[in-house]
>>> print(open('run.pdb').read())   # PDB, C-alpha atoms
ATOM      1  CA  MET A   1    -134.258 157.129 -35.093  1.00  0.00           C
ATOM      2  CA  SER A   2    -137.504 155.268 -35.645  1.00  0.00           C
ATOM      3  CA  LEU A   3    -136.856 152.694 -38.332  1.00  0.00           C
ATOM      4  CA  PRO A   4    -140.455 151.613 -39.092  1.00  0.00           C
ATOM      5  CA  SER A   5    -141.602 155.150 -39.971  1.00  0.00           C
ATOM      6  CA  LEU A   6    -138.615 155.765 -42.237  1.00  0.00           C
ATOM      7  CA  THR A   7    -138.144 152.353 -43.810  1.00  0.00           C
ATOM      8  CA  GLN A   8    -138.754 153.233 -47.451  1.00  0.00           C
ATOM      9  CA  GLU A   9    -136.766 156.451 -47.286  1.00  0.00           C
ATOM     10  CA  LEU A  10    -133.847 154.647 -45.695  1.00  0.00           C
ATOM     11  CA  LEU A  11    -133.899 151.627 -47.982  1.00  0.00           C
ATOM     12  CA  GLN A  12    -134.416 153.205 -51.397  1.00  0.00           C
ATOM     13  CA  PRO A  13    -130.898 154.712 -51.685  1.00  0.00           C
ATOM     14  CA  PHE A  14    -129.452 151.180 -51.432  1.00  0.00           C
ATOM     15  CA  SER A  15    -131.194 150.074 -54.626  1.00  0.00           C
ATOM     16  CA  PRO A  16    -131.069 147.393 -55.930  1.00  0.00           C
ATOM     17  CA  TYR A  17    -130.170 145.835 -52.563  1.00  0.00           C
ATOM     18  CA  GLN A  18    -133.064 147.123 -50.460  1.00  0.00           C
ATOM     19  CA  ALA A  19    -133.733 143.650 -49.038  1.00  0.00           C
ATOM     20  CA  LEU A  20    -130.128 143.386 -47.842  1.00  0.00           C
ATOM     21  CA  ALA A  21    -130.337 146.882 -46.368  1.00  0.00           C
ATOM     22  CA  GLN A  22    -133.572 146.009 -44.579  1.00  0.00           C
ATOM     23  CA  THR A  23    -131.769 143.146 -42.863  1.00  0.00           C
ATOM     24  CA  LEU A  24    -128.531 144.963 -42.041  1.00  0.00           C
ATOM     25  CA  LEU A  25    -129.520 148.576 -41.373  1.00  0.00           C
ATOM     26  CA  PRO A  26    -130.992 147.901 -37.911  1.00  0.00           C
ATOM     27  CA  LEU A  27    -127.514 146.751 -36.870  1.00  0.00           C
ATOM     28  CA  THR A  28    -125.951 150.097 -37.777  1.00  0.00           C
ATOM     29  CA  LEU A  29    -128.352 152.717 -36.420  1.00  0.00           C
ATOM     30  CA  GLU A  30    -127.432 152.691 -32.741  1.00  0.00           C
ATOM     31  CA  SER A  31    -124.716 155.368 -32.763  1.00  0.00           C
ATOM     32  CA  ASP A  32    -125.521 159.020 -32.028  1.00  0.00           C
ATOM     33  CA  ASP A  33    -122.602 160.151 -34.218  1.00  0.00           C
ATOM     34  CA  GLY A  34    -124.070 162.314 -36.969  1.00  0.00           C
ATOM     35  CA  SER A  35    -120.929 161.894 -39.081  1.00  0.00           C
ATOM     36  CA  HIS A  36    -121.419 158.110 -39.164  1.00  0.00           C
ATOM     37  CA  ASP A  37    -125.179 157.859 -39.465  1.00  0.00           C
ATOM     38  CA  VAL A  38    -127.456 156.391 -42.133  1.00  0.00           C
ATOM     39  CA  ALA A  39    -126.909 159.462 -44.330  1.00  0.00           C
ATOM     40  CA  HIS A  40    -123.186 158.640 -44.295  1.00  0.00           C
ATOM     41  CA  LEU A  41    -124.005 155.094 -45.432  1.00  0.00           C
ATOM     42  CA  HIS A  42    -126.156 156.476 -48.247  1.00  0.00           C
ATOM     43  CA  ARG A  43    -123.319 158.716 -49.433  1.00  0.00           C
ATOM     44  CA  VAL A  44    -120.676 155.995 -49.242  1.00  0.00           C
ATOM     45  CA  TRP A  45    -122.897 153.638 -51.222  1.00  0.00           C
ATOM     46  CA  LYS A  46    -123.460 156.372 -53.829  1.00  0.00           C
ATOM     47  CA  ASN A  47    -119.693 156.833 -54.071  1.00  0.00           C
ATOM     48  CA  CYS A  48    -119.213 153.072 -54.419  1.00  0.00           C
ATOM     49  CA  ARG A  49    -121.704 152.912 -57.270  1.00  0.00           C
ATOM     50  CA  ARG A  50    -120.017 155.787 -59.096  1.00  0.00           C
ATOM     51  CA  ILE A  51    -116.567 154.230 -58.747  1.00  0.00           C
ATOM     52  CA  SER A  52    -117.785 150.708 -59.532  1.00  0.00           C
ATOM     53  CA  LYS A  53    -119.445 151.924 -62.723  1.00  0.00           C
ATOM     54  CA  LEU A  54    -115.953 152.708 -64.050  1.00  0.00           C
ATOM     55  CA  GLU A  55    -113.800 150.203 -62.157  1.00  0.00           C
ATOM     56  CA  GLY A  56    -116.016 147.099 -61.828  1.00  0.00           C
ATOM     57  CA  GLY A  57    -116.317 145.033 -58.658  1.00  0.00           C
ATOM     58  CA  ASP A  58    -118.997 142.921 -57.001  1.00  0.00           C
ATOM     59  CA  ARG A  59    -121.726 145.333 -55.934  1.00  0.00           C
ATOM     60  CA  ARG A  60    -123.398 142.866 -53.569  1.00  0.00           C
ATOM     61  CA  ILE A  61    -120.127 142.553 -51.661  1.00  0.00           C
ATOM     62  CA  LEU A  62    -119.738 146.321 -51.748  1.00  0.00           C
ATOM     63  CA  CYS A  63    -123.244 147.016 -50.465  1.00  0.00           C
ATOM     64  CA  ALA A  64    -122.856 144.624 -47.532  1.00  0.00           C
ATOM     65  CA  ALA A  65    -119.496 146.177 -46.709  1.00  0.00           C
ATOM     66  CA  VAL A  66    -120.965 149.686 -46.820  1.00  0.00           C
ATOM     67  CA  LEU A  67    -123.871 148.729 -44.582  1.00  0.00           C
ATOM     68  CA  LEU A  68    -121.607 147.104 -41.987  1.00  0.00           C
ATOM     69  CA  HIS A  69    -118.362 149.104 -42.176  1.00  0.00           C
ATOM     70  CA  ASP A  70    -119.304 151.287 -39.190  1.00  0.00           C
ATOM     71  CA  ALA A  71    -121.184 148.600 -37.254  1.00  0.00           C
ATOM     72  CA  VAL A  72    -118.879 149.150 -34.269  1.00  0.00           C
ATOM     73  CA  ALA A  73    -118.808 152.795 -33.180  1.00  0.00           C
ATOM     74  CA  VAL A  74    -115.576 154.150 -31.658  1.00  0.00           C
ATOM     75  CA  GLU A  75    -115.064 157.883 -31.074  1.00  0.00           C
ATOM     76  CA  LYS A  76    -112.278 159.650 -32.958  1.00  0.00           C
ATOM     77  CA  ASN A  77    -110.395 160.436 -29.752  1.00  0.00           C
ATOM     78  CA  SER A  78    -110.589 156.908 -28.338  1.00  0.00           C
ATOM     79  CA  PRO A  79    -107.317 154.967 -27.933  1.00  0.00           C
ATOM     80  CA  GLN A  80    -109.207 152.044 -29.499  1.00  0.00           C
ATOM     81  CA  ARG A  81    -109.977 153.972 -32.693  1.00  0.00           C
ATOM     82  CA  HIS A  82    -107.433 152.045 -34.777  1.00  0.00           C
ATOM     83  CA  LEU A  83    -109.229 148.805 -33.858  1.00  0.00           C
ATOM     84  CA  ALA A  84    -112.694 149.930 -34.937  1.00  0.00           C
ATOM     85  CA  SER A  85    -112.557 148.516 -38.462  1.00  0.00           C
ATOM     86  CA  ARG A  86    -111.246 145.182 -37.205  1.00  0.00           C
ATOM     87  CA  MET A  87    -114.079 144.959 -34.688  1.00  0.00           C
ATOM     88  CA  ALA A  88    -116.581 145.921 -37.392  1.00  0.00           C
ATOM     89  CA  ALA A  89    -115.155 143.223 -39.680  1.00  0.00           C
ATOM     90  CA  GLU A  90    -115.538 140.642 -36.915  1.00  0.00           C
ATOM     91  CA  GLN A  91    -119.122 141.757 -36.325  1.00  0.00           C
ATOM     92  CA  ALA A  92    -119.829 141.569 -40.072  1.00  0.00           C
ATOM     93  CA  THR A  93    -118.429 138.036 -40.197  1.00  0.00           C
ATOM     94  CA  LEU A  94    -120.761 136.909 -37.419  1.00  0.00           C
ATOM     95  CA  THR A  95    -123.744 138.639 -39.005  1.00  0.00           C
ATOM     96  CA  LEU A  96    -123.226 137.263 -42.503  1.00  0.00           C
ATOM     97  CA  THR A  97    -122.482 133.794 -41.160  1.00  0.00           C
ATOM     98  CA  ARG A  98    -125.887 133.824 -39.453  1.00  0.00           C
ATOM     99  CA  LEU A  99    -127.391 134.843 -42.795  1.00  0.00           C
ATOM    100  CA  GLU A 100    -125.664 131.810 -44.386  1.00  0.00           C
ATOM    101  CA  TRP A 101    -123.533 133.744 -46.824  1.00  0.00           C
ATOM    102  CA  ALA A 102    -120.781 131.828 -48.617  1.00  0.00           C
ATOM    103  CA  SER A 103    -117.494 131.864 -46.721  1.00  0.00           C
ATOM    104  CA  ALA A 104    -115.617 133.480 -49.622  1.00  0.00           C
ATOM    105  CA  ASP A 105    -118.132 136.329 -49.793  1.00  0.00           C
ATOM    106  CA  ILE A 106    -117.983 136.819 -46.030  1.00  0.00           C
ATOM    107  CA  ALA A 107    -114.194 137.023 -46.191  1.00  0.00           C
ATOM    108  CA  ALA A 108    -114.409 139.547 -49.029  1.00  0.00           C
ATOM    109  CA  VAL A 109    -116.789 141.774 -47.059  1.00  0.00           C
ATOM    110  CA  ALA A 110    -114.713 141.478 -43.886  1.00  0.00           C
ATOM    111  CA  HIS A 111    -111.470 142.408 -45.650  1.00  0.00           C
ATOM    112  CA  ALA A 112    -113.070 145.434 -47.310  1.00  0.00           C
ATOM    113  CA  ILE A 113    -114.357 146.623 -43.931  1.00  0.00           C
ATOM    114  CA  GLU A 114    -111.087 146.040 -42.108  1.00  0.00           C
ATOM    115  CA  ALA A 115    -109.044 147.826 -44.796  1.00  0.00           C
ATOM    116  CA  HIS A 116    -111.316 150.836 -45.245  1.00  0.00           C
ATOM    117  CA  SER A 117    -110.110 152.679 -42.144  1.00  0.00           C
ATOM    118  CA  PHE A 118    -107.382 155.317 -42.350  1.00  0.00           C
ATOM    119  CA  SER A 119    -106.281 154.716 -38.769  1.00  0.00           C
ATOM    120  CA  ALA A 120    -106.050 150.938 -39.220  1.00  0.00           C
ATOM    121  CA  GLY A 121    -103.380 151.301 -41.919  1.00  0.00           C
ATOM    122  CA  ILE A 122    -104.303 148.012 -43.645  1.00  0.00           C
ATOM    123  CA  PRO A 123    -103.603 147.927 -47.421  1.00  0.00           C
ATOM    124  CA  PRO A 124    -106.660 146.862 -49.445  1.00  0.00           C
ATOM    125  CA  GLN A 125    -105.962 143.705 -51.446  1.00  0.00           C
ATOM    126  CA  THR A 126    -109.162 143.352 -53.479  1.00  0.00           C
ATOM    127  CA  LEU A 127    -110.964 145.655 -55.883  1.00  0.00           C
ATOM    128  CA  GLU A 128    -113.952 145.839 -53.540  1.00  0.00           C
ATOM    129  CA  ALA A 129    -111.715 146.826 -50.630  1.00  0.00           C
ATOM    130  CA  LYS A 130    -110.081 149.538 -52.748  1.00  0.00           C
ATOM    131  CA  ILE A 131    -113.459 150.875 -53.827  1.00  0.00           C
ATOM    132  CA  LEU A 132    -114.847 150.951 -50.282  1.00  0.00           C
ATOM    133  CA  GLN A 133    -111.736 152.692 -48.972  1.00  0.00           C
ATOM    134  CA  ASP A 134    -111.988 155.325 -51.713  1.00  0.00           C
ATOM    135  CA  ALA A 135    -115.745 155.743 -51.258  1.00  0.00           C
ATOM    136  CA  ASP A 136    -115.443 156.209 -47.494  1.00  0.00           C
ATOM    137  CA  ARG A 137    -112.560 158.668 -47.809  1.00  0.00           C
ATOM    138  CA  LEU A 138    -114.464 160.694 -50.385  1.00  0.00           C
ATOM    139  CA  ASP A 139    -117.010 161.329 -47.647  1.00  0.00           C
ATOM    140  CA  ALA A 140    -114.253 162.826 -45.483  1.00  0.00           C
ATOM    141  CA  ILE A 141    -113.387 165.503 -48.059  1.00  0.00           C
ATOM    142  CA  GLY A 142    -115.197 168.046 -50.207  1.00  0.00           C
ATOM    143  CA  LEU A 143    -117.967 170.131 -48.686  1.00  0.00           C
ATOM    144  CA  ILE A 144    -119.413 167.115 -46.868  1.00  0.00           C
ATOM    145  CA  GLY A 145    -115.931 166.679 -45.422  1.00  0.00           C
ATOM    146  CA  VAL A 146    -115.947 170.304 -44.293  1.00  0.00           C
ATOM    147  CA  ALA A 147    -119.259 169.800 -42.506  1.00  0.00           C
ATOM    148  CA  ARG A 148    -118.095 166.571 -40.899  1.00  0.00           C
ATOM    149  CA  CYS A 149    -114.792 168.105 -39.813  1.00  0.00           C
ATOM    150  CA  PHE A 150    -116.460 170.857 -37.816  1.00  0.00           C
ATOM    151  CA  TYR A 151    -119.194 168.553 -36.540  1.00  0.00           C
ATOM    152  CA  ILE A 152    -116.599 166.131 -35.165  1.00  0.00           C
ATOM    153  CA  GLY A 153    -114.568 169.025 -33.804  1.00  0.00           C
ATOM    154  CA  GLY A 154    -117.619 170.091 -31.851  1.00  0.00           C
ATOM    155  CA  ARG A 155    -118.074 166.581 -30.461  1.00  0.00           C
ATOM    156  CA  MET A 156    -114.423 166.630 -29.397  1.00  0.00           C
ATOM    157  CA  ARG A 157    -114.820 170.150 -27.917  1.00  0.00           C
ATOM    158  CA  SER A 158    -112.257 171.649 -30.287  1.00  0.00           C
ATOM    159  CA  ALA A 159    -112.226 175.347 -31.158  1.00  0.00           C
ATOM    160  CA  LEU A 160    -113.035 176.360 -34.730  1.00  0.00           C
ATOM    161  CA  TYR A 161    -109.538 177.844 -35.151  1.00  0.00           C
ATOM    162  CA  ASP A 162    -106.725 179.460 -33.196  1.00  0.00           C
ATOM    163  CA  ALA A 163    -107.816 183.057 -32.725  1.00  0.00           C
ATOM    164  CA  ALA A 164    -104.216 184.185 -32.174  1.00  0.00           C
ATOM    165  CA  ASP A 165    -102.799 182.447 -35.263  1.00  0.00           C
ATOM    166  CA  PRO A 166    -105.481 180.890 -37.503  1.00  0.00           C
ATOM    167  CA  ARG A 167    -103.014 180.176 -40.331  1.00  0.00           C
ATOM    168  CA  ALA A 168    -100.528 178.475 -37.972  1.00  0.00           C
ATOM    169  CA  GLU A 169     -97.742 180.776 -39.158  1.00  0.00           C
ATOM    170  CA  HIS A 170     -95.964 180.783 -35.789  1.00  0.00           C
ATOM    171  CA  ARG A 171     -96.989 177.464 -34.249  1.00  0.00           C
ATOM    172  CA  GLN A 172     -97.360 173.777 -34.995  1.00  0.00           C
ATOM    173  CA  TYR A 173    -100.676 172.519 -36.331  1.00  0.00           C
ATOM    174  CA  ASP A 174    -102.824 171.004 -33.587  1.00  0.00           C
ATOM    175  CA  ASP A 175    -106.059 169.490 -34.901  1.00  0.00           C
ATOM    176  CA  LYS A 176    -107.044 168.207 -31.474  1.00  0.00           C
ATOM    177  CA  ARG A 177    -107.426 171.822 -30.313  1.00  0.00           C
ATOM    178  CA  PHE A 178    -108.432 173.529 -33.574  1.00  0.00           C
ATOM    179  CA  SER A 179    -110.742 172.054 -36.199  1.00  0.00           C
ATOM    180  CA  LEU A 180    -109.358 174.222 -38.993  1.00  0.00           C
ATOM    181  CA  ASP A 181    -105.910 172.673 -38.517  1.00  0.00           C
ATOM    182  CA  HIS A 182    -107.315 169.265 -39.510  1.00  0.00           C
ATOM    183  CA  PHE A 183    -107.394 170.334 -43.146  1.00  0.00           C
ATOM    184  CA  GLU A 184    -103.603 170.663 -43.224  1.00  0.00           C
ATOM    185  CA  THR A 185    -102.804 167.725 -40.942  1.00  0.00           C
ATOM    186  CA  LYS A 186    -104.997 165.224 -42.790  1.00  0.00           C
ATOM    187  CA  LEU A 187    -107.790 166.220 -45.164  1.00  0.00           C
ATOM    188  CA  PHE A 188    -105.690 167.909 -47.865  1.00  0.00           C
ATOM    189  CA  LYS A 189    -103.375 164.878 -47.868  1.00  0.00           C
ATOM    190  CA  LEU A 190    -106.036 162.210 -48.383  1.00  0.00           C
ATOM    191  CA  GLN A 191    -106.210 162.563 -52.166  1.00  0.00           C
ATOM    192  CA  ASP A 192    -102.672 161.168 -52.479  1.00  0.00           C
ATOM    193  CA  GLY A 193    -103.730 157.780 -51.112  1.00  0.00           C
ATOM    194  CA  PHE A 194    -106.684 156.930 -53.326  1.00  0.00           C
ATOM    195  CA  GLN A 195    -106.685 153.430 -54.769  1.00  0.00           C
ATOM    196  CA  THR A 196    -108.686 153.732 -57.997  1.00  0.00           C
ATOM    197  CA  ALA A 197    -108.441 156.109 -60.948  1.00  0.00           C
ATOM    198  CA  ALA A 198    -112.111 157.043 -60.588  1.00  0.00           C
ATOM    199  CA  GLY A 199    -111.689 157.698 -56.886  1.00  0.00           C
ATOM    200  CA  ARG A 200    -108.596 159.848 -57.444  1.00  0.00           C
ATOM    201  CA  HIS A 201    -110.422 161.988 -59.990  1.00  0.00           C
ATOM    202  CA  MET A 202    -113.317 162.565 -57.600  1.00  0.00           C
ATOM    203  CA  ALA A 203    -110.906 163.257 -54.729  1.00  0.00           C
ATOM    204  CA  GLU A 204    -109.071 165.932 -56.699  1.00  0.00           C
ATOM    205  CA  ARG A 205    -112.290 167.826 -57.341  1.00  0.00           C
ATOM    206  CA  ARG A 206    -113.375 167.589 -53.711  1.00  0.00           C
ATOM    207  CA  THR A 207    -109.980 168.689 -52.451  1.00  0.00           C
ATOM    208  CA  GLU A 208    -110.176 171.787 -54.647  1.00  0.00           C
ATOM    209  CA  ARG A 209    -113.549 172.615 -53.061  1.00  0.00           C
ATOM    210  CA  MET A 210    -112.051 172.279 -49.574  1.00  0.00           C
ATOM    211  CA  ARG A 211    -109.154 174.551 -50.457  1.00  0.00           C
ATOM    212  CA  ARG A 212    -111.554 177.199 -51.735  1.00  0.00           C
ATOM    213  CA  PHE A 213    -113.555 176.897 -48.510  1.00  0.00           C
ATOM    214  CA  VAL A 214    -110.487 177.306 -46.303  1.00  0.00           C
ATOM    215  CA  ASP A 215    -109.262 180.285 -48.335  1.00  0.00           C
ATOM    216  CA  ASP A 216    -112.684 181.950 -48.089  1.00  0.00           C
ATOM    217  CA  LEU A 217    -112.949 181.228 -44.375  1.00  0.00           C
ATOM    218  CA  LEU A 218    -109.548 182.733 -43.668  1.00  0.00           C
ATOM    219  CA  GLU A 219    -110.592 185.922 -45.456  1.00  0.00           C
ATOM    220  CA  GLU A 220    -113.361 186.313 -42.883  1.00  0.00           C
ATOM    221  CA  VAL A 221    -111.325 185.879 -39.698  1.00  0.00           C
TER     222      VAL A 221
END
>>> encode(input="run.pdb", output="structure tokens")
Amino acid sequence: MSLPSLTQELLQPFSPYQALAQTLLPLTLESDDGSHDVAHLHRVWKNCRRISKLEGGDRRILCAAVLLHDAVAVEKNSPQRHLASRMAAEQATLTLTRLEWASADIAAVAHAIEAHSFSAGIPPQTLEAKILQDADRLDAIGLIGVARCFYIGGRMRSALYDAADPRAEHRQYDDKRFSLDHFETKLFKLQDGFQTAAGRHMAERRTERMRRFVDDLLEEV
């Protein structure tokens, strides 16, 4: 991606923190993973703003955490996947220290980043960490979640579904082999772990959309 030719289009969604985004975005655009690209950052920030409007929280901390939460790219099938958020938090700490942020703010950003990951299993302790976790998980469900699920399945060379038993009526779910299975093994379950009331409400609506999609898809196979 060529940053200079897209600067305004990339920065505007991070309003009112375009200056912060201009500094931090170049650190997050190296990955070729289309499920964790700048569009993902835009959506997570939009989710954060919607949740924060109802729940509160420090939006400057949230925006920095959004911009840096995927600063270290680790593929879904990597044995190091559970360490990705910790590595991203460490990278964020170094980056914000160079920018002379206050130590308390750096710690707040780092904790939110480290706790956002599902695979890390770290409970969020602050409101900002809870909001970021909810905002990031919202992007894994709903129709965006559907698109990301099959996109990632393609990267991992998974089949769309098991042609012999798409509903898994006579076998165990296996989302490493079949993308459709991932809805039952993980995506439908995510709404139960949301941290904020606003996030839970949004998650319920998105989960309903996913269920309708899966039902419609199964009618066609």
>>> axis_aligned_box(input="run.pdb", around="segment 10-21 of chain A", padding_each_side="5 Å", output="AutoDock Vina command-line options")
--center_x -131.9 --center_y 149.0 --center_z -50.8 --size_x 15.0 --size_y 21.3 --size_z 20.2
>>> closest_residue(input="run.pdb", among="A:Asp33, A:Asp58, A:Asp216, A:Asp165", to="Ala129 of chain A", atoms="only C-alpha atoms")
A:Asp58
>>> closest_residue(input="run.pdb", among="A:Gly57, A:Cys63, A:Arg43, A:Ala104", to="Ala19 of chain A", atoms="only C-alpha atoms")
A:Cys63
>>> closest_residue(input="run.pdb", among="A:Ala39, A:Leu218, A:Ala110, A:Leu11", to="Thr126 of chain A", atoms="all atoms listed in the file")
A:Ala110
>>> residues_around(input="run.pdb", residues="Phe194 of chain A", least_positions_apart="2", cutoff="12 Å", atoms="only C-alpha atoms", output="list of chain:residue names")
A:Ile51, A:His116, A:Phe118, A:Pro123, A:Pro124, A:Ala129, A:Lys130, A:Ile131, A:Leu132, A:Gln133, A:Asp134, A:Ala135, A:Asp136, A:Arg137, A:Leu138, A:Lys189, A:Leu190, A:Gln191, A:Asp192, A:Thr196, A:Ala197, A:Ala198, A:Gly199, A:Arg200, A:His201, A:Met202, A:Ala203, A:Glu204
>>> closest_residue(input="run.pdb", among="A:Ala147, A:Leu187, A:Ala108, A:Ile122", to="Arg59 of chain A", atoms="all atoms listed in the file")
A:Ala108
>>> resolve_selection(input="run.pdb", expression="the PyMOL selection byres ((chain A and resi 95) around 12)", output="list in words")
Leu20, Thr23, Leu24, Leu25, Pro26, Leu27, Thr28, Ala64, Ala65, Leu67, Leu68, Ala71, Ala88, Ala89, Glu90, Gln91, Ala92, Thr93, Leu94, Leu96, Thr97, Arg98, Leu99, Glu100, Trp101, Ile106, Val109 and Ala110 of chain A
>>> residues_around(input="run.pdb", residues="Lys186 of chain A", least_positions_apart="4", cutoff="12 Å", atoms="only C-alpha atoms", output="list of chain:residue names")
A:Phe118, A:Ser119, A:Arg137, A:Ala140, A:Ile141, A:Gly145, A:Cys149, A:Tyr173, A:Asp174, A:Asp175, A:Lys176, A:Ser179, A:Leu180, A:Asp181, A:His182, A:Leu190, A:Gln191, A:Asp192, A:Gly193, A:Thr207
>>> build_atoms(input="run.pdb", residues="segment 171-182 of chain A", atoms="N, CA, C and O atoms", output="PDB file, in the coordinates of the input")
ATOM      1  N   ARG A 171     -96.750 178.584 -35.160  1.00  0.00           N
ATOM      2  CA  ARG A 171     -96.989 177.464 -34.249  1.00  0.00           C
ATOM      3  C   ARG A 171     -97.123 176.182 -35.050  1.00  0.00           C
ATOM      4  O   ARG A 171     -97.226 176.204 -36.284  1.00  0.00           O
ATOM      5  N   GLN A 172     -97.112 175.065 -34.368  1.00  0.00           N
ATOM      6  CA  GLN A 172     -97.360 173.777 -34.995  1.00  0.00           C
ATOM      7  C   GLN A 172     -98.868 173.568 -35.137  1.00  0.00           C
ATOM      8  O   GLN A 172     -99.649 174.027 -34.305  1.00  0.00           O
ATOM      9  N   TYR A 173     -99.266 172.875 -36.196  1.00  0.00           N
ATOM     10  CA  TYR A 173    -100.676 172.519 -36.331  1.00  0.00           C
ATOM     11  C   TYR A 173    -101.079 171.613 -35.174  1.00  0.00           C
ATOM     12  O   TYR A 173    -100.315 170.748 -34.742  1.00  0.00           O
ATOM     13  N   ASP A 174    -102.310 171.805 -34.695  1.00  0.00           N
ATOM     14  CA  ASP A 174    -102.824 171.004 -33.587  1.00  0.00           C
ATOM     15  C   ASP A 174    -104.319 170.779 -33.824  1.00  0.00           C
ATOM     16  O   ASP A 174    -105.161 171.548 -33.361  1.00  0.00           O
ATOM     17  N   ASP A 175    -104.656 169.697 -34.546  1.00  0.00           N
ATOM     18  CA  ASP A 175    -106.059 169.490 -34.901  1.00  0.00           C
ATOM     19  C   ASP A 175    -106.888 168.914 -33.762  1.00  0.00           C
ATOM     20  O   ASP A 175    -108.108 168.780 -33.888  1.00  0.00           O
ATOM     21  N   LYS A 176    -106.258 168.582 -32.654  1.00  0.00           N
ATOM     22  CA  LYS A 176    -107.044 168.207 -31.474  1.00  0.00           C
ATOM     23  C   LYS A 176    -107.623 169.440 -30.790  1.00  0.00           C
ATOM     24  O   LYS A 176    -108.668 169.368 -30.154  1.00  0.00           O
ATOM     25  N   ARG A 177    -106.951 170.574 -30.929  1.00  0.00           N
ATOM     26  CA  ARG A 177    -107.426 171.822 -30.313  1.00  0.00           C
ATOM     27  C   ARG A 177    -108.214 172.682 -31.296  1.00  0.00           C
ATOM     28  O   ARG A 177    -109.140 173.386 -30.894  1.00  0.00           O
ATOM     29  N   PHE A 178    -107.844 172.625 -32.597  1.00  0.00           N
ATOM     30  CA  PHE A 178    -108.432 173.529 -33.574  1.00  0.00           C
ATOM     31  C   PHE A 178    -108.901 172.752 -34.801  1.00  0.00           C
ATOM     32  O   PHE A 178    -108.093 172.127 -35.507  1.00  0.00           O
ATOM     33  N   SER A 179    -110.191 172.806 -35.075  1.00  0.00           N
ATOM     34  CA  SER A 179    -110.742 172.054 -36.199  1.00  0.00           C
ATOM     35  C   SER A 179    -110.138 172.456 -37.535  1.00  0.00           C
ATOM     36  O   SER A 179    -109.886 171.618 -38.401  1.00  0.00           O
ATOM     37  N   LEU A 180    -109.901 173.754 -37.722  1.00  0.00           N
ATOM     38  CA  LEU A 180    -109.358 174.222 -38.993  1.00  0.00           C
ATOM     39  C   LEU A 180    -108.009 173.575 -39.305  1.00  0.00           C
ATOM     40  O   LEU A 180    -107.684 173.322 -40.478  1.00  0.00           O
ATOM     41  N   ASP A 181    -107.223 173.279 -38.299  1.00  0.00           N
ATOM     42  CA  ASP A 181    -105.910 172.673 -38.517  1.00  0.00           C
ATOM     43  C   ASP A 181    -106.015 171.289 -39.156  1.00  0.00           C
ATOM     44  O   ASP A 181    -105.059 170.809 -39.782  1.00  0.00           O
ATOM     45  N   HIS A 182    -107.155 170.632 -39.003  1.00  0.00           N
ATOM     46  CA  HIS A 182    -107.315 169.265 -39.510  1.00  0.00           C
ATOM     47  C   HIS A 182    -107.215 169.211 -41.035  1.00  0.00           C
ATOM     48  O   HIS A 182    -106.839 168.190 -41.597  1.00  0.00           O
TER      49      HIS A 182
END
